[in-house]
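Chemist: Pasting upload-v4.cif below, which is mmCIF, C-alpha atoms.
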data_query
#
loop_
_atom_site.label_atom_id
_atom_site.label_comp_id
_atom_site.auth_asym_id
_atom_site.auth_seq_id
_atom_site.Cartn_x
_atom_site.Cartn_y
_atom_site.Cartn_z
CA MET A 802 0.00 0.00 0.00
CA LYS A 803 1.48 3.36 -1.03
CA ILE A 804 1.31 6.49 1.10
CA ARG A 805 1.99 9.97 -0.12
CA LYS A 806 3.92 12.61 1.79
CA THR A 807 3.23 16.31 2.00
CA GLY A 808 6.14 18.13 3.59
CA THR A 809 6.96 16.35 6.82
CA VAL A 810 3.45 14.97 7.38
CA THR A 811 2.58 11.51 6.11
CA GLU A 812 -0.99 11.29 4.86
CA PRO A 813 -2.72 7.91 5.00
CA PRO A 814 -4.30 6.77 1.73
CA LYS A 815 -7.93 7.70 1.16
CA ARG A 816 -9.04 4.05 1.28
CA LEU A 817 -7.70 3.72 4.83
CA ILE A 818 -9.49 6.92 5.88
CA ASP A 819 -12.74 5.59 4.42
CA LEU A 820 -12.36 2.33 6.33
CA LEU A 821 -11.81 4.18 9.59
CA LEU A 822 -14.68 6.62 9.08
CA LYS A 823 -17.21 4.17 7.65
CA PRO A 824 -17.87 1.16 9.92
CA SER A 825 -19.72 -0.69 7.15
CA LEU A 826 -16.67 -0.62 4.91
CA LEU A 827 -14.34 -1.62 7.75
CA TRP A 828 -16.61 -4.54 8.68
CA GLN A 829 -16.75 -5.57 5.04
CA ALA A 830 -12.98 -5.53 4.65
CA MET A 831 -12.45 -7.49 7.87
CA ARG A 832 -15.04 -10.10 6.92
CA GLU A 833 -13.41 -10.61 3.53
CA TYR A 834 -9.99 -10.94 5.15
CA PHE A 835 -11.01 -13.51 7.75
CA THR A 836 -13.09 -15.48 5.27
CA LEU A 837 -10.13 -15.81 2.94
CA LYS A 838 -7.84 -16.64 5.86
CA GLN A 839 -10.15 -19.45 6.98
CA LEU A 840 -10.03 -20.86 3.45
CA SER A 841 -6.24 -20.88 3.25
CA ARG A 842 -6.08 -24.46 4.52
CA LEU A 843 -8.58 -27.26 4.01
CA GLU A 844 -9.23 -28.94 7.34
CA PRO A 845 -10.80 -32.39 7.66
CA VAL A 846 -14.57 -32.34 8.10
CA LYS A 847 -15.09 -35.02 10.72
CA ASN A 848 -17.67 -33.71 13.18
CA ARG A 849 -20.63 -31.37 13.54
CA ASP A 850 -18.49 -28.32 14.32
CA SER A 851 -16.15 -28.71 11.35
CA LEU A 852 -19.09 -29.29 9.01
CA THR A 853 -20.74 -26.14 10.37
CA GLN A 854 -17.52 -24.21 9.82
CA PHE A 855 -17.22 -25.49 6.26
CA LEU A 856 -20.79 -24.55 5.37
CA ASN A 857 -20.50 -21.07 6.84
CA THR A 858 -17.11 -20.10 5.42
CA ARG A 859 -17.67 -21.51 1.93
CA ALA A 860 -21.10 -19.93 1.66
CA SER A 861 -19.55 -16.60 2.64
CA PHE A 862 -16.68 -17.07 0.20
CA VAL A 863 -18.87 -17.87 -2.80
CA ALA A 864 -21.32 -15.08 -1.96
CA GLN A 865 -18.64 -12.42 -1.56
CA THR A 866 -16.41 -13.38 -4.46
CA SER A 867 -19.38 -13.75 -6.81
CA LEU A 868 -20.93 -10.41 -5.88
CA TYR A 869 -17.75 -8.34 -5.71
CA GLY A 870 -16.38 -10.01 -8.82
CA TYR A 871 -19.49 -9.11 -10.79
CA LEU A 872 -19.45 -5.53 -9.52
CA ARG A 873 -15.75 -5.21 -10.31
CA THR A 874 -16.27 -6.52 -13.82
CA ARG A 875 -19.14 -4.16 -14.53
CA ALA A 876 -17.59 -1.08 -12.90
CA GLY A 877 -14.08 -1.51 -14.29
CA MET A 878 -11.71 1.25 -13.18
CA ARG A 879 -14.53 2.96 -11.28
CA TYR A 880 -14.96 0.00 -8.92
CA PRO A 881 -13.34 1.73 -5.87
CA GLU A 882 -15.70 4.69 -6.34
CA LEU A 883 -18.71 2.47 -5.64
CA PHE A 884 -17.78 2.31 -1.97
CA GLU A 885 -17.83 6.09 -1.63
CA ASP A 886 -21.61 6.14 -2.14
CA ASP A 887 -23.38 5.26 1.12
CA ASP A 888 -26.62 4.28 -0.62
CA PHE A 889 -24.79 1.98 -2.97
CA VAL A 890 -22.85 0.43 -0.08
CA ASN A 891 -26.18 -0.27 1.63
CA SER A 892 -27.40 -2.01 -1.52
CA ILE A 893 -24.21 -4.06 -1.69
CA ASN A 894 -24.61 -5.16 1.92
CA ILE A 895 -28.23 -6.21 1.40
CA ALA A 896 -27.23 -8.17 -1.71
CA LYS A 897 -24.31 -9.78 0.09
CA TRP A 898 -26.47 -11.15 2.90
CA GLN A 899 -29.23 -12.36 0.58
CA ILE A 900 -26.76 -14.17 -1.68
CA TRP A 901 -25.06 -15.66 1.39
CA LEU A 902 -28.37 -17.15 2.54
CA ASP A 903 -28.93 -18.77 -0.85
CA CYS A 904 -25.35 -20.05 -0.90
CA LEU A 905 -25.83 -21.52 2.57
CA SER A 906 -29.05 -23.15 1.42
CA ASP A 907 -27.47 -24.75 -1.65
CA LEU A 908 -24.35 -26.00 0.12
CA THR A 909 -26.36 -27.42 3.03
CA ILE A 910 -28.50 -29.45 0.63
CA TYR A 911 -25.44 -30.71 -1.22
CA CYS A 912 -23.54 -31.75 1.91
CA GLY A 913 -26.61 -33.44 3.36
CA GLY A 914 -26.87 -35.40 0.13
CA LEU A 915 -23.28 -36.59 0.53
CA LEU A 916 -24.00 -37.77 4.09
CA MET A 917 -27.09 -39.56 2.85
CA ARG A 918 -24.88 -41.76 0.66
CA HIS A 919 -23.52 -43.54 3.74
CA PRO A 920 -25.04 -47.04 3.83
CA ASP A 921 -25.92 -46.94 7.53
CA VAL A 922 -27.54 -43.52 7.86
CA SER A 923 -31.22 -42.70 7.98
CA GLU A 924 -32.90 -39.78 6.28
CA THR A 925 -34.19 -38.64 9.68
CA THR A 926 -30.64 -38.43 11.01
CA VAL A 927 -29.39 -36.38 8.06
CA SER A 928 -32.41 -34.08 8.16
CA SER A 929 -32.05 -33.47 11.88
CA LEU A 930 -28.33 -32.74 11.60
CA MET A 931 -28.59 -30.32 8.68
CA GLU A 932 -31.57 -28.49 10.19
CA ASP A 933 -29.65 -28.12 13.46
CA ILE A 934 -26.52 -26.83 11.72
CA VAL A 935 -28.44 -24.27 9.68
CA GLU A 936 -30.32 -23.10 12.74
CA ASN A 937 -27.08 -22.66 14.67
CA ILE A 938 -25.48 -20.68 11.85
CA LEU A 939 -28.52 -18.42 11.49
CA ALA A 940 -28.77 -17.95 15.26
CA GLU A 941 -25.11 -16.99 15.49
CA THR A 942 -25.49 -14.57 12.58
CA GLY A 943 -28.66 -13.02 13.97
CA ILE A 944 -30.23 -10.26 11.90
CA PRO A 945 -27.39 -8.01 10.69
CA GLN A 946 -28.19 -4.33 10.81
CA ASP A 947 -27.18 -3.87 7.18
CA ALA A 948 -29.01 -6.94 5.84
CA GLY A 949 -32.28 -5.25 4.90
CA GLU A 950 -35.87 -5.92 5.89
CA LYS A 951 -36.21 -9.12 3.84
CA PHE A 952 -33.40 -11.00 5.56
CA SER A 953 -35.66 -12.81 8.03
CA ILE A 954 -38.05 -13.92 5.30
CA SER A 955 -35.18 -15.29 3.24
CA ALA A 956 -33.66 -17.00 6.29
CA ASN A 957 -36.96 -18.78 6.89
CA HIS A 958 -36.91 -19.94 3.27
CA VAL A 959 -33.55 -21.59 3.96
CA ARG A 960 -34.97 -23.32 7.03
CA GLN A 961 -38.00 -24.53 5.11
CA ARG A 962 -35.97 -25.84 2.19
CA VAL A 963 -33.71 -27.86 4.48
CA ALA A 964 -36.64 -29.14 6.59
CA THR A 965 -38.58 -30.38 3.55
CA CYS A 966 -35.67 -31.75 1.52
CA ASP A 967 -35.95 -35.28 0.17
CA TRP A 968 -32.35 -36.21 0.93
CA LYS A 969 -32.45 -39.45 -1.05
CA THR A 970 -32.91 -37.51 -4.28
CA VAL A 971 -29.98 -35.09 -3.80
CA THR A 972 -27.40 -35.67 -6.53
CA ASP A 973 -23.64 -35.18 -6.51
CA ASP A 974 -23.57 -32.53 -9.21
CA GLU A 975 -24.81 -28.99 -9.89
CA GLN A 976 -28.46 -29.80 -9.27
CA PRO A 977 -28.52 -28.88 -5.53
CA PHE A 978 -27.08 -25.44 -6.36
CA SER A 979 -30.33 -24.00 -7.67
CA ASP A 980 -30.82 -20.91 -5.48
CA SER A 981 -27.46 -19.12 -5.45
CA PRO A 982 -26.82 -18.58 -9.20
CA PRO A 983 -30.07 -16.66 -9.86
CA SER A 984 -29.69 -14.93 -6.50
CA LEU A 985 -26.69 -12.98 -7.77
CA VAL A 986 -28.69 -11.82 -10.78
CA ARG A 987 -31.62 -10.83 -8.58
CA TRP A 988 -29.79 -8.98 -5.82
CA ALA A 989 -26.71 -7.41 -7.44
CA PRO A 990 -27.19 -3.61 -7.40
CA ILE A 991 -26.86 -3.25 -11.16
CA ILE A 992 -29.50 -1.88 -13.51
CA ASP A 993 -31.92 -4.45 -14.88
CA GLU A 994 -30.99 -3.87 -18.51
CA LEU A 995 -27.38 -4.89 -17.84
CA LYS A 996 -28.36 -7.83 -15.67
CA GLN A 997 -30.55 -9.17 -18.46
CA LEU A 998 -27.58 -9.04 -20.81
CA ASP A 999 -25.30 -10.65 -18.24
CA GLU A 1000 -27.67 -13.30 -16.85
CA ASP A 1001 -26.24 -16.42 -18.48
CA ILE A 1002 -22.64 -15.43 -17.81
CA VAL A 1003 -23.38 -14.48 -14.20
CA ILE A 1004 -25.22 -17.72 -13.45
CA ASN A 1005 -22.44 -19.80 -14.96
CA SER A 1006 -19.83 -17.88 -12.98
CA VAL A 1007 -21.51 -18.85 -9.70
CA ARG A 1008 -21.81 -22.47 -10.79
CA PHE A 1009 -18.12 -22.44 -11.64
CA ARG A 1010 -17.19 -21.21 -8.14
CA TRP A 1011 -19.09 -24.11 -6.61
CA GLN A 1012 -16.99 -26.66 -8.50
CA LYS A 1013 -13.98 -26.08 -6.26
CA VAL A 1014 -16.13 -26.22 -3.12
CA ARG A 1015 -17.60 -29.55 -4.23
CA ARG A 1016 -14.12 -30.96 -4.78
CA GLU A 1017 -13.05 -29.74 -1.35
CA ILE A 1018 -15.90 -31.29 0.58
CA ARG A 1019 -15.60 -34.58 -1.29
CA ARG A 1020 -11.94 -34.70 -0.25
CA ALA A 1021 -12.36 -33.41 3.31
CA LEU A 1022 -15.61 -35.06 4.43
CA ASP A 1023 -15.27 -38.09 6.70
CA THR A 1024 -18.88 -39.23 6.64
CA THR A 1025 -18.41 -42.02 9.17
CA ALA A 1026 -16.70 -39.71 11.66
CA VAL A 1027 -19.42 -37.06 11.33
CA LEU A 1028 -22.16 -39.62 11.89
CA ASN A 1029 -20.32 -41.09 14.87
CA ASP A 1030 -19.97 -37.61 16.33
CA ILE A 1031 -23.73 -37.02 16.27
CA ALA A 1032 -24.71 -40.55 17.29
CA PRO A 1033 -25.03 -39.82 21.06
CA ALA A 1034 -27.45 -36.95 20.37
#
If you convert what's in this file into structure tokens, what do you get?
Modeler:
Amino acid sequence: MKIRKTGTVTEPPKRLIDLLLKPSLLWQAMREYFTLKQLSRLEPVKNRDSLTQFLNTRASFVAQTSLYGYLRTRAGMRYPELFEDDDFVNSINIAKWQIWLDCLSDLTIYCGGLLMRHPDVSETTVSSLMEDIVENILAETGIPQDAGEKFSISANHVRQRVATCDWKTVTDDEQPFSDSPPSLVRWAPIIDELKQLDEDIVINSVRFRWQKVRREIRRALDTTAVLNDIAPA
């Protein structure tokens, strides 16, 4: 990061000043940093806690990288200027939380489907576990102040989707990821005319990001260990 000097006084860059003066931007930068840091190493998924961590961090990662990547592509060199407009930042935050919920929904369904492939597990066990994990993640998140008035409604949609899922029919492919790709098109704060032009590319970009996540969970998930961890409950 460069700093410029005026006489003997060192002036911090404008971006740093913005982060210090605008809590929403500082929170956003910190969340991105810690999300990426948590993804730097793939840990084994062998119990309820590690599965919860995987769902939360990967949902956040796909939501943030998809949204910010789309905005960066559309804005080009003007991308940093977007964060100087408070109204636009509010729209970004609302979109970020809504897309995160849909990412959490998709990934929960997919991971539950992987657990369901174990020969000795019941659908009731998988359903109970995934409902409990989603509820814990949503309870820990609460209702963020910058998430908008529709956050609770969308969170309930996630709960309902998980509670009514037919786990035996969940496939190990793109099919479970049905909510998050169109979510980016719906919630990104970009004019409708441009989103209509971009729709196919945007949807495919989200699907592409999930490919790595699917490879990771296939490699990291110890289904037997997870099921043994929840057996006493």
Chemist: Which neighbours of Arg1019 in chain A fall inside 10 Å, counting only C-alpha atoms, when residues of the same chain fewer than 4 positions from it are skipped, and could you give them as a VMD selection string?
Modeler: chain A and resid 846 912 915 973 1013 to 1015 1023 to 1024
Chemist: Name the residues that the PyMOL selection byres ((chain A and resi 1007) around 12) picks from the file above, as a ChimeraX atom specification, using the file's chain letters and numbers.
Modeler: /A:860,862-871,900,903-904,907,975,978-986,1000-1006,1008-1014
Chemist: Do you know which residues are at most 12 Å from Asn1029 in chain A counting only C-alpha atoms, after dropping those on the same chain fewer than 4 positions away, and could you put them as a list of chain:residue names?
Modeler: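 Within the cut-off, the hits are A:Lys847, A:Asn848, A:Arg849, A:Leu916, A:His919, A:Asp921, A:Val922, A:Thr926, A:Asp1023, A:Thr1024, A:Thr1025, A:Pro1033, A:Ala1034.
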Chemist: List as a PDB file with C-alpha atoms, in the coordinates of the input the protein and nucleic acid residues near Glu932 in chain A, meaning an atom at most 7 Å away when only C-alpha atoms are counted, but skip any in the same chain fewer than 4 places from it.
Modeler:
ATOM      1  CA  SER A 928     -32.410 -34.080   8.160  1.00  0.00           C
ATOM      2  CA  GLU A 936     -30.320 -23.100  12.740  1.00  0.00           C
ATOM      3  CA  ARG A 960     -34.970 -23.320   7.030  1.00  0.00           C
ATOM      4  CA  VAL A 963     -33.710 -27.860   4.480  1.00  0.00           C
ATOM      5  CA  ALA A 964     -36.640 -29.140   6.590  1.00  0.00           C
TER       6      ALA A 964
END
Chemist: Hey, which of A:Asp888, A:Asp1030, A:Ile991, A:Gln899 ends up closest to Pro945 in chain A? Count only C-alpha atoms.
Modeler: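 Answer, going by the shortest atom-to-atom distance: A:Gln899.
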Chemist: Could you check the closest approach to Thr972 in chain A for each of A:Leu843, A:Leu905, A:Leu1028, A:Met917 and tell me which residue wins, using all atoms listed in the file?
Modeler: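 Closest to Thr972 in chain A of all the choices is A:Met917.
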Chemist: Start from the incomplete input, build N, CA and C atoms for range 955-991 of chain A, and deliver everything as a PDB file, in the coordinates of the input.
Modeler:
ATOM      1  N   SER A 955     -36.068 -14.425   4.016  1.00  0.00           N
ATOM      2  CA  SER A 955     -35.180 -15.290   3.240  1.00  0.00           C
ATOM      3  C   SER A 955     -34.544 -16.362   4.122  1.00  0.00           C
ATOM      4  N   ALA A 956     -34.214 -16.010   5.367  1.00  0.00           N
ATOM      5  CA  ALA A 956     -33.660 -17.000   6.290  1.00  0.00           C
ATOM      6  C   ALA A 956     -34.658 -18.113   6.557  1.00  0.00           C
ATOM      7  N   ASN A 957     -35.923 -17.760   6.681  1.00  0.00           N
ATOM      8  CA  ASN A 957     -36.960 -18.780   6.890  1.00  0.00           C
ATOM      9  C   ASN A 957     -37.119 -19.673   5.662  1.00  0.00           C
ATOM     10  N   HIS A 958     -36.883 -19.119   4.489  1.00  0.00           N
ATOM     11  CA  HIS A 958     -36.910 -19.940   3.270  1.00  0.00           C
ATOM     12  C   HIS A 958     -35.822 -21.003   3.316  1.00  0.00           C
ATOM     13  N   VAL A 959     -34.641 -20.623   3.819  1.00  0.00           N
ATOM     14  CA  VAL A 959     -33.550 -21.590   3.960  1.00  0.00           C
ATOM     15  C   VAL A 959     -33.966 -22.707   4.920  1.00  0.00           C
ATOM     16  N   ARG A 960     -34.523 -22.324   6.051  1.00  0.00           N
ATOM     17  CA  ARG A 960     -34.970 -23.320   7.030  1.00  0.00           C
ATOM     18  C   ARG A 960     -35.990 -24.275   6.410  1.00  0.00           C
ATOM     19  N   GLN A 961     -36.943 -23.716   5.687  1.00  0.00           N
ATOM     20  CA  GLN A 961     -38.000 -24.530   5.110  1.00  0.00           C
ATOM     21  C   GLN A 961     -37.453 -25.473   4.042  1.00  0.00           C
ATOM     22  N   ARG A 962     -36.534 -24.991   3.234  1.00  0.00           N
ATOM     23  CA  ARG A 962     -35.970 -25.840   2.190  1.00  0.00           C
ATOM     24  C   ARG A 962     -35.231 -27.037   2.784  1.00  0.00           C
ATOM     25  N   VAL A 963     -34.457 -26.781   3.835  1.00  0.00           N
ATOM     26  CA  VAL A 963     -33.710 -27.860   4.480  1.00  0.00           C
ATOM     27  C   VAL A 963     -34.676 -28.829   5.174  1.00  0.00           C
ATOM     28  N   ALA A 964     -35.698 -28.293   5.835  1.00  0.00           N
ATOM     29  CA  ALA A 964     -36.640 -29.140   6.590  1.00  0.00           C
ATOM     30  C   ALA A 964     -37.463 -30.029   5.683  1.00  0.00           C
ATOM     31  N   THR A 965     -37.714 -29.608   4.446  1.00  0.00           N
ATOM     32  CA  THR A 965     -38.580 -30.380   3.550  1.00  0.00           C
ATOM     33  C   THR A 965     -37.810 -31.120   2.467  1.00  0.00           C
ATOM     34  N   CYS A 966     -36.494 -31.117   2.566  1.00  0.00           N
ATOM     35  CA  CYS A 966     -35.670 -31.750   1.520  1.00  0.00           C
ATOM     36  C   CYS A 966     -35.860 -33.268   1.518  1.00  0.00           C
ATOM     37  N   ASP A 967     -35.955 -33.833   0.339  1.00  0.00           N
ATOM     38  CA  ASP A 967     -35.950 -35.280   0.170  1.00  0.00           C
ATOM     39  C   ASP A 967     -34.494 -35.686  -0.069  1.00  0.00           C
ATOM     40  N   TRP A 968     -33.798 -36.024   0.986  1.00  0.00           N
ATOM     41  CA  TRP A 968     -32.350 -36.210   0.930  1.00  0.00           C
ATOM     42  C   TRP A 968     -31.934 -37.357   0.013  1.00  0.00           C
ATOM     43  N   LYS A 969     -32.794 -38.309  -0.189  1.00  0.00           N
ATOM     44  CA  LYS A 969     -32.450 -39.450  -1.050  1.00  0.00           C
ATOM     45  C   LYS A 969     -32.329 -39.033  -2.512  1.00  0.00           C
ATOM     46  N   THR A 970     -32.915 -37.924  -2.872  1.00  0.00           N
ATOM     47  CA  THR A 970     -32.910 -37.510  -4.280  1.00  0.00           C
ATOM     48  C   THR A 970     -31.806 -36.493  -4.584  1.00  0.00           C
ATOM     49  N   VAL A 971     -31.027 -36.090  -3.581  1.00  0.00           N
ATOM     50  CA  VAL A 971     -29.980 -35.090  -3.800  1.00  0.00           C
ATOM     51  C   VAL A 971     -28.824 -35.727  -4.569  1.00  0.00           C
ATOM     52  N   THR A 972     -28.439 -35.124  -5.664  1.00  0.00           N
ATOM     53  CA  THR A 972     -27.400 -35.670  -6.530  1.00  0.00           C
ATOM     54  C   THR A 972     -26.054 -35.001  -6.296  1.00  0.00           C
ATOM     55  N   ASP A 973     -24.995 -35.701  -6.669  1.00  0.00           N
ATOM     56  CA  ASP A 973     -23.640 -35.180  -6.510  1.00  0.00           C
ATOM     57  C   ASP A 973     -23.218 -34.458  -7.778  1.00  0.00           C
ATOM     58  N   ASP A 974     -23.876 -33.330  -8.034  1.00  0.00           N
ATOM     59  CA  ASP A 974     -23.570 -32.530  -9.210  1.00  0.00           C
ATOM     60  C   ASP A 974     -24.070 -31.102  -8.968  1.00  0.00           C
ATOM     61  N   GLU A 975     -24.383 -30.383 -10.029  1.00  0.00           N
ATOM     62  CA  GLU A 975     -24.810 -28.990  -9.890  1.00  0.00           C
ATOM     63  C   GLU A 975     -26.263 -28.836  -9.458  1.00  0.00           C
ATOM     64  N   GLN A 976     -27.024 -29.903  -9.510  1.00  0.00           N
ATOM     65  CA  GLN A 976     -28.460 -29.800  -9.270  1.00  0.00           C
ATOM     66  C   GLN A 976     -28.827 -29.151  -7.929  1.00  0.00           C
ATOM     67  N   PRO A 977     -28.145 -29.500  -6.805  1.00  0.00           N
ATOM     68  CA  PRO A 977     -28.520 -28.880  -5.530  1.00  0.00           C
ATOM     69  C   PRO A 977     -28.287 -27.365  -5.494  1.00  0.00           C
ATOM     70  N   PHE A 978     -27.445 -26.861  -6.391  1.00  0.00           N
ATOM     71  CA  PHE A 978     -27.080 -25.440  -6.360  1.00  0.00           C
ATOM     72  C   PHE A 978     -28.031 -24.662  -7.269  1.00  0.00           C
ATOM     73  N   SER A 979     -29.269 -24.610  -6.857  1.00  0.00           N
ATOM     74  CA  SER A 979     -30.330 -24.000  -7.670  1.00  0.00           C
ATOM     75  C   SER A 979     -30.688 -22.588  -7.235  1.00  0.00           C
ATOM     76  N   ASP A 980     -30.387 -22.213  -5.997  1.00  0.00           N
ATOM     77  CA  ASP A 980     -30.820 -20.910  -5.480  1.00  0.00           C
ATOM     78  C   ASP A 980     -29.757 -19.812  -5.647  1.00  0.00           C
ATOM     79  N   SER A 981     -28.502 -20.155  -5.460  1.00  0.00           N
ATOM     80  CA  SER A 981     -27.460 -19.120  -5.450  1.00  0.00           C
ATOM     81  C   SER A 981     -27.149 -18.500  -6.807  1.00  0.00           C
ATOM     82  N   PRO A 982     -27.121 -19.254  -7.929  1.00  0.00           N
ATOM     83  CA  PRO A 982     -26.820 -18.580  -9.200  1.00  0.00           C
ATOM     84  C   PRO A 982     -27.822 -17.485  -9.579  1.00  0.00           C
ATOM     85  N   PRO A 983     -29.141 -17.753  -9.548  1.00  0.00           N
ATOM     86  CA  PRO A 983     -30.070 -16.660  -9.860  1.00  0.00           C
ATOM     87  C   PRO A 983     -30.128 -15.588  -8.785  1.00  0.00           C
ATOM     88  N   SER A 984     -29.682 -15.922  -7.580  1.00  0.00           N
ATOM     89  CA  SER A 984     -29.690 -14.930  -6.500  1.00  0.00           C
ATOM     90  C   SER A 984     -28.763 -13.768  -6.818  1.00  0.00           C
ATOM     91  N   LEU A 985     -27.610 -14.062  -7.416  1.00  0.00           N
ATOM     92  CA  LEU A 985     -26.690 -12.980  -7.770  1.00  0.00           C
ATOM     93  C   LEU A 985     -27.315 -12.066  -8.807  1.00  0.00           C
ATOM     94  N   VAL A 986     -28.016 -12.643  -9.768  1.00  0.00           N
ATOM     95  CA  VAL A 986     -28.690 -11.820 -10.780  1.00  0.00           C
ATOM     96  C   VAL A 986     -29.766 -10.964 -10.132  1.00  0.00           C
ATOM     97  N   ARG A 987     -30.497 -11.551  -9.201  1.00  0.00           N
ATOM     98  CA  ARG A 987     -31.620 -10.830  -8.580  1.00  0.00           C
ATOM     99  C   ARG A 987     -31.136  -9.680  -7.702  1.00  0.00           C
ATOM    100  N   TRP A 988     -30.121  -9.923  -6.878  1.00  0.00           N
ATOM    101  CA  TRP A 988     -29.790  -8.980  -5.820  1.00  0.00           C
ATOM    102  C   TRP A 988     -28.643  -8.020  -6.146  1.00  0.00           C
ATOM    103  N   ALA A 989     -27.823  -8.315  -7.120  1.00  0.00           N
ATOM    104  CA  ALA A 989     -26.710  -7.410  -7.440  1.00  0.00           C
ATOM    105  C   ALA A 989     -27.251  -6.023  -7.775  1.00  0.00           C
ATOM    106  N   PRO A 990     -26.696  -4.969  -7.160  1.00  0.00           N
ATOM    107  CA  PRO A 990     -27.190  -3.610  -7.400  1.00  0.00           C
ATOM    108  C   PRO A 990     -26.702  -3.047  -8.735  1.00  0.00           C
ATOM    109  N   ILE A 991     -27.202  -3.645  -9.797  1.00  0.00           N
ATOM    110  CA  ILE A 991     -26.860  -3.250 -11.160  1.00  0.00           C
ATOM    111  C   ILE A 991     -28.180  -3.091 -11.914  1.00  0.00           C
TER     112      ILE A 991
END
